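> Next up, upload-v3.cif (mmCIF, C-alpha atoms).
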data_input
loop_
_atom_site.group_PDB
_atom_site.id
_atom_site.type_symbol
_atom_site.label_atom_id
_atom_site.label_comp_id
_atom_site.auth_asym_id
_atom_site.auth_seq_id
_atom_site.Cartn_x
_atom_site.Cartn_y
_atom_site.Cartn_z
ATOM 1 C CA MET A 1 116.851 211.839 1.048
ATOM 2 C CA PHE A 2 113.915 210.894 3.280
ATOM 3 C CA ARG A 3 110.592 210.313 1.550
ATOM 4 C CA TYR A 4 108.477 211.592 4.422
ATOM 5 C CA LEU A 5 108.622 213.708 7.566
ATOM 6 C CA SER A 6 109.174 212.263 11.023
ATOM 7 C CA GLU A 7 106.481 212.930 13.652
ATOM 8 C CA PRO A 8 108.437 215.812 15.230
ATOM 9 C CA GLU A 9 109.078 217.297 11.772
ATOM 10 C CA PHE A 10 105.392 216.963 10.870
ATOM 11 C CA ASP A 11 104.439 218.754 14.095
ATOM 12 C CA THR A 12 106.962 221.527 13.400
ATOM 13 C CA VAL A 13 105.711 222.096 9.851
ATOM 14 C CA ARG A 14 102.071 222.094 10.937
ATOM 15 C CA GLU A 15 102.766 224.521 13.792
ATOM 16 C CA ARG A 16 104.879 226.873 11.676
ATOM 17 C CA ALA A 17 102.459 226.888 8.730
ATOM 18 C CA THR A 18 99.386 227.482 10.890
ATOM 19 C CA VAL A 19 101.007 230.652 12.285
ATOM 20 C CA PHE A 20 99.983 232.162 8.924
ATOM 21 C CA GLU A 21 96.448 230.742 9.061
ATOM 22 C CA GLY A 22 93.876 233.169 7.750
ATOM 23 C CA GLN A 23 96.426 235.470 6.134
ATOM 24 C CA THR A 24 95.880 236.285 2.471
ATOM 25 C CA ASN A 25 99.325 237.759 1.787
ATOM 26 C CA ALA A 26 102.120 235.874 -0.009
ATOM 27 C CA ALA A 27 103.262 234.139 3.192
ATOM 28 C CA GLY A 28 99.691 233.062 3.939
ATOM 29 C CA ARG A 29 99.209 231.686 0.433
ATOM 30 C CA THR A 30 102.465 229.730 0.656
ATOM 31 C CA ALA A 31 101.472 228.364 4.070
ATOM 32 C CA ALA A 32 98.074 227.348 2.659
ATOM 33 C CA GLY A 33 99.886 225.451 -0.108
ATOM 34 C CA ILE A 34 102.013 223.641 2.473
ATOM 35 C CA ILE A 35 98.933 222.721 4.514
ATOM 36 C CA LEU A 36 97.346 221.308 1.349
ATOM 37 C CA GLY A 37 100.526 219.283 0.788
ATOM 38 C CA LEU A 38 100.014 217.835 4.269
ATOM 39 C CA HIS A 39 96.516 216.889 3.051
ATOM 40 C CA GLY A 40 98.098 214.645 0.408
ATOM 41 C CA LEU A 41 98.036 216.942 -2.615
ATOM 42 C CA ARG A 42 100.888 217.025 -5.098
ATOM 43 C CA CYS A 43 102.497 220.389 -5.720
ATOM 44 C CA GLY A 44 100.991 220.489 -9.220
ATOM 45 C CA GLU A 45 97.552 219.709 -7.805
ATOM 46 C CA VAL A 46 97.857 222.547 -5.279
ATOM 47 C CA CYS A 47 98.895 225.008 -7.971
ATOM 48 C CA GLY A 48 96.203 223.738 -10.337
ATOM 49 C CA LEU A 49 93.322 224.356 -7.940
ATOM 50 C CA ASN A 50 90.718 226.860 -9.014
ATOM 51 C CA ILE A 51 88.378 228.757 -6.732
ATOM 52 C CA GLY A 52 85.498 226.663 -8.089
ATOM 53 C CA ASP A 53 87.192 223.528 -6.697
ATOM 54 C CA LEU A 54 86.590 224.740 -3.139
ATOM 55 C CA ASP A 55 83.312 223.891 -1.431
ATOM 56 C CA ALA A 56 83.767 225.839 1.803
ATOM 57 C CA ASN A 57 80.274 224.959 3.074
ATOM 58 C CA ARG A 58 81.041 221.246 2.831
ATOM 59 C CA GLY A 59 84.662 221.723 3.881
ATOM 60 C CA ALA A 60 86.090 220.002 0.828
ATOM 61 C CA LEU A 61 88.273 220.545 -2.206
ATOM 62 C CA HIS A 62 87.690 218.760 -5.493
ATOM 63 C CA VAL A 63 91.066 217.689 -6.888
ATOM 64 C CA ALA A 64 91.311 216.839 -10.565
ATOM 65 C CA THR A 65 94.394 214.727 -10.114
ATOM 66 C CA LEU A 66 97.570 214.540 -12.138
ATOM 67 C CA LYS A 67 99.232 211.475 -13.628
ATOM 68 C CA HIS A 68 95.973 209.978 -14.917
ATOM 69 C CA GLY A 69 94.759 209.201 -11.405
ATOM 70 C CA GLU A 70 91.265 209.347 -10.033
ATOM 71 C CA PRO A 71 89.686 212.723 -9.193
ATOM 72 C CA ARG A 72 88.900 213.000 -5.507
ATOM 73 C CA ASP A 73 87.385 215.205 -2.862
ATOM 74 C CA VAL A 74 89.675 216.136 0.016
ATOM 75 C CA ASP A 75 88.061 216.920 3.350
ATOM 76 C CA LEU A 76 89.273 220.043 5.131
ATOM 77 C CA ARG A 77 88.857 221.297 8.661
ATOM 78 C CA PRO A 78 86.340 224.166 8.741
ATOM 79 C CA ARG A 79 89.018 226.709 9.673
ATOM 80 C CA ILE A 80 91.184 225.655 6.698
ATOM 81 C CA ALA A 81 88.176 225.852 4.353
ATOM 82 C CA ALA A 82 87.384 229.324 5.734
ATOM 83 C CA TRP A 83 91.000 230.398 5.183
ATOM 84 C CA LEU A 84 90.932 229.193 1.589
ATOM 85 C CA SER A 85 87.599 230.911 0.988
ATOM 86 C CA ARG A 86 89.144 234.203 2.149
ATOM 87 C CA LEU A 87 91.768 233.736 -0.562
ATOM 88 C CA ALA A 88 88.929 233.437 -3.094
ATOM 89 C CA ILE A 89 87.012 236.614 -2.230
ATOM 90 C CA GLY A 90 86.167 238.705 -5.282
ATOM 91 C CA LYS A 91 87.547 236.242 -7.824
ATOM 92 C CA PRO A 92 85.634 234.176 -10.395
ATOM 93 C CA ALA A 93 85.365 230.394 -9.969
ATOM 94 C CA SER A 94 87.808 229.835 -12.836
ATOM 95 C CA SER A 95 90.596 231.836 -11.119
ATOM 96 C CA PRO A 96 93.512 230.051 -9.458
ATOM 97 C CA LEU A 97 92.945 229.511 -5.750
ATOM 98 C CA LEU A 98 96.582 230.284 -4.874
ATOM 99 C CA ARG A 99 98.094 233.284 -6.632
ATOM 100 C CA THR A 100 101.353 235.209 -6.555
ATOM 101 C CA ALA A 101 101.776 238.662 -4.999
ATOM 102 C CA ARG A 102 101.116 240.058 -8.487
ATOM 103 C CA ASP A 103 97.805 238.175 -8.627
ATOM 104 C CA ARG A 104 99.048 235.657 -11.195
ATOM 105 C CA GLU A 105 98.726 231.891 -11.105
ATOM 106 C CA LEU A 106 101.173 230.334 -8.640
ATOM 107 C CA HIS A 107 103.508 228.082 -10.590
ATOM 108 C CA GLU A 108 104.668 224.741 -9.269
ATOM 109 C CA SER A 109 108.324 225.782 -9.273
ATOM 110 C CA GLN A 110 107.530 228.840 -7.132
ATOM 111 C CA LEU A 111 105.799 226.775 -4.451
ATOM 112 C CA GLN A 112 108.513 224.102 -4.531
ATOM 113 C CA ARG A 113 111.248 226.719 -4.177
ATOM 114 C CA ALA A 114 109.442 228.428 -1.269
ATOM 115 C CA TRP A 115 108.910 225.063 0.462
ATOM 116 C CA ARG A 116 112.570 224.051 0.053
ATOM 117 C CA ARG A 117 113.683 227.308 1.705
ATOM 118 C CA LEU A 118 111.155 226.922 4.517
ATOM 119 C CA SER A 119 111.974 223.256 5.095
ATOM 120 C CA PHE A 120 115.638 224.134 5.527
ATOM 121 C CA LEU A 121 114.740 226.989 7.866
ATOM 122 C CA TRP A 122 112.187 225.000 9.896
ATOM 123 C CA LEU A 123 113.711 221.502 9.812
ATOM 124 C CA GLY A 124 117.384 222.109 9.161
ATOM 125 C CA ARG A 125 117.284 220.064 5.969
ATOM 126 C CA GLU A 126 115.944 220.509 2.467
ATOM 127 C CA VAL A 127 112.804 218.457 1.892
ATOM 128 C CA ARG A 128 110.981 217.939 -1.405
ATOM 129 C CA PHE A 129 107.346 219.073 -1.525
ATOM 130 C CA HIS A 130 106.293 215.561 -2.493
ATOM 131 C CA ALA A 131 107.444 214.379 0.963
ATOM 132 C CA LEU A 132 104.371 216.152 2.367
ATOM 133 C CA ARG A 133 102.161 213.860 0.264
ATOM 134 C CA HIS A 134 104.132 210.797 1.378
ATOM 135 C CA THR A 135 103.784 211.938 4.990
ATOM 136 C CA ALA A 136 100.003 212.296 4.672
ATOM 137 C CA ALA A 137 99.733 208.824 3.130
ATOM 138 C CA MET A 138 102.018 207.242 5.712
ATOM 139 C CA ARG A 139 100.105 208.811 8.600
ATOM 140 C CA LEU A 140 96.772 207.623 7.182
ATOM 141 C CA TYR A 141 98.101 204.104 6.621
ATOM 142 C CA ALA A 142 99.691 203.957 10.091
ATOM 143 C CA THR A 143 96.340 204.948 11.612
ATOM 144 C CA THR A 144 94.012 202.765 9.533
ATOM 145 C CA LYS A 145 96.143 199.979 7.961
ATOM 146 C CA ASP A 146 93.652 200.324 5.080
ATOM 147 C CA LEU A 147 95.496 200.423 1.747
ATOM 148 C CA LEU A 148 92.289 200.919 -0.237
ATOM 149 C CA LEU A 149 91.461 204.014 1.814
ATOM 150 C CA VAL A 150 94.980 205.354 1.208
ATOM 151 C CA LYS A 151 94.599 204.584 -2.514
ATOM 152 C CA ARG A 152 91.377 206.640 -2.694
ATOM 153 C CA PHE A 153 92.899 209.394 -0.522
ATOM 154 C CA LEU A 154 95.819 209.778 -2.928
ATOM 155 C CA GLY A 155 93.717 209.424 -6.068
ATOM 156 C CA HIS A 156 95.696 206.445 -7.346
ATOM 157 C CA LYS A 157 94.106 204.356 -10.086
ATOM 158 C CA SER A 158 95.913 201.197 -9.068
ATOM 159 C CA LEU A 159 96.836 199.694 -5.729
ATOM 160 C CA THR A 160 100.376 199.056 -6.983
ATOM 161 C CA ALA A 161 101.300 202.732 -6.648
ATOM 162 C CA THR A 162 99.854 202.819 -3.136
ATOM 163 C CA LEU A 163 101.874 199.785 -2.030
ATOM 164 C CA ILE A 164 105.004 201.936 -2.191
ATOM 165 C CA TYR A 165 103.753 203.821 0.859
ATOM 166 C CA ALA A 166 103.039 200.634 2.808
ATOM 167 C CA ALA A 167 106.451 199.249 1.877
ATOM 168 C CA SER A 168 108.108 202.417 3.208
ATOM 169 C CA LEU A 169 106.473 201.809 6.571
ATOM 170 C CA GLY A 170 107.379 198.173 6.625
ATOM 171 C CA GLY A 171 103.685 197.371 6.404
ATOM 172 C CA LEU A 172 104.112 195.347 3.250
ATOM 173 C CA ARG A 173 105.478 192.416 5.239
ATOM 174 C CA GLU A 174 102.267 192.118 7.224
ATOM 175 C CA PHE A 175 99.911 192.886 4.308
ATOM 176 C CA MET A 176 101.539 190.818 1.543
ATOM 177 C CA PRO A 177 104.388 188.765 3.041
ATOM 178 C CA ASP A 178 104.999 186.692 -0.110
ATOM 179 C CA LEU A 179 105.625 189.783 -2.238
ATOM 180 C CA ALA A 180 107.777 191.377 0.443
ATOM 181 C CA GLU A 181 109.970 188.285 0.758
ATOM 182 C CA ALA A 182 110.286 187.994 -3.021
ATOM 183 C CA GLY A 183 111.687 191.542 -3.074
ATOM 184 C CA THR A 184 109.013 192.798 -5.454
ATOM 185 C CA PHE A 185 108.756 196.153 -3.671
ATOM 186 C CA LYS A 186 112.122 197.476 -2.557
#
Turn the structure described in the file into structure tokens.


Amino acid sequence: MFRYLSEPEFDTVRERATVFEGQTNAAGRTAAGIILGLHGLRCGEVCGLNIGDLDANRGALHVATLKHGEPRDVDLRPRIAAWLSRLAIGKPASSPLLRTARDRELHESQLQRAWRRLSFLWLGREVRFHALRHTAAMRLYATTKDLLLVKRFLGHKSLTATLIYAASLGGLREFMPDLAEAGTFK
């Protein structure tokens, strides 16, 4: 199974998800979760967001990361921040940002299941939600070649975890040729 989306697949997912932009119904909330996945968030991080984590004026989300990583702020385009703020209307800061149709907290398994169905429909193959995070990291690394920036973007505590993304792109050979040749990261 592929760890990330190809460029055409990325474009398809972005285009299909943004069709629901601004909607606050169940489809809009699912699409917002997918867009946040394309911003490098894990499924559990998306589902764990509270309304108080959104700073719509600054266009950012504060992500208290999973897996003992580093908390981080994720920049959002103004239209995405506005969409998320519409989801928050009338709810206290401690409420979940993404909720079910019955106004309950969206569970990780629900978002993963919805994404798997949509990925098969949109891409013709089942893709894990975590591939959205890998795609975001790969795209950032391909653009910047800055592993420390990717490390901060993902909220990793150590660079070792981030090297997996560079190795997937083949970038490890140019960044750390001795480790690549030794087969440390396969």

> To test your reading of the syntax: which residues would the PyMOL selection byres ((chain A and resi 103-107) around 12) return for the file shown? Reply as a PyMOL selection string.

chain A and resi 24-26+29-30+33+43-51+87-88+91+94-102+108-114

> Please measure the separation of CA of Gly52 in chain A and CA of Pro71 in chain A, giving the value in Å to one decimal.

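For CA of Gly52 in chain A relative to CA of Pro71 in chain A, the distance reads 14.6 Å.
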
> Which residues are near Glu70 in chain A? Cut-off 12 Å, only C-alpha atoms, ignore same chain within fewer than 3 positions. Put them as an NGL selection string.

:A and (62-67 or 73 or 151-159)

> Which residue gives the smallest distance to Leu61 in chain A among A:Gly28, A:Gly90, A:Gly124, A:Pro78, with only C-alpha atoms counted?

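Among A:Gly28, A:Gly90, A:Gly124, A:Pro78, it is A:Pro78 that comes nearest to Leu61 in chain A.
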
> Just how far from CA of Asp11 in chain A is CA of Leu149 in chain A, in Å to one decimal?

23.2 Å
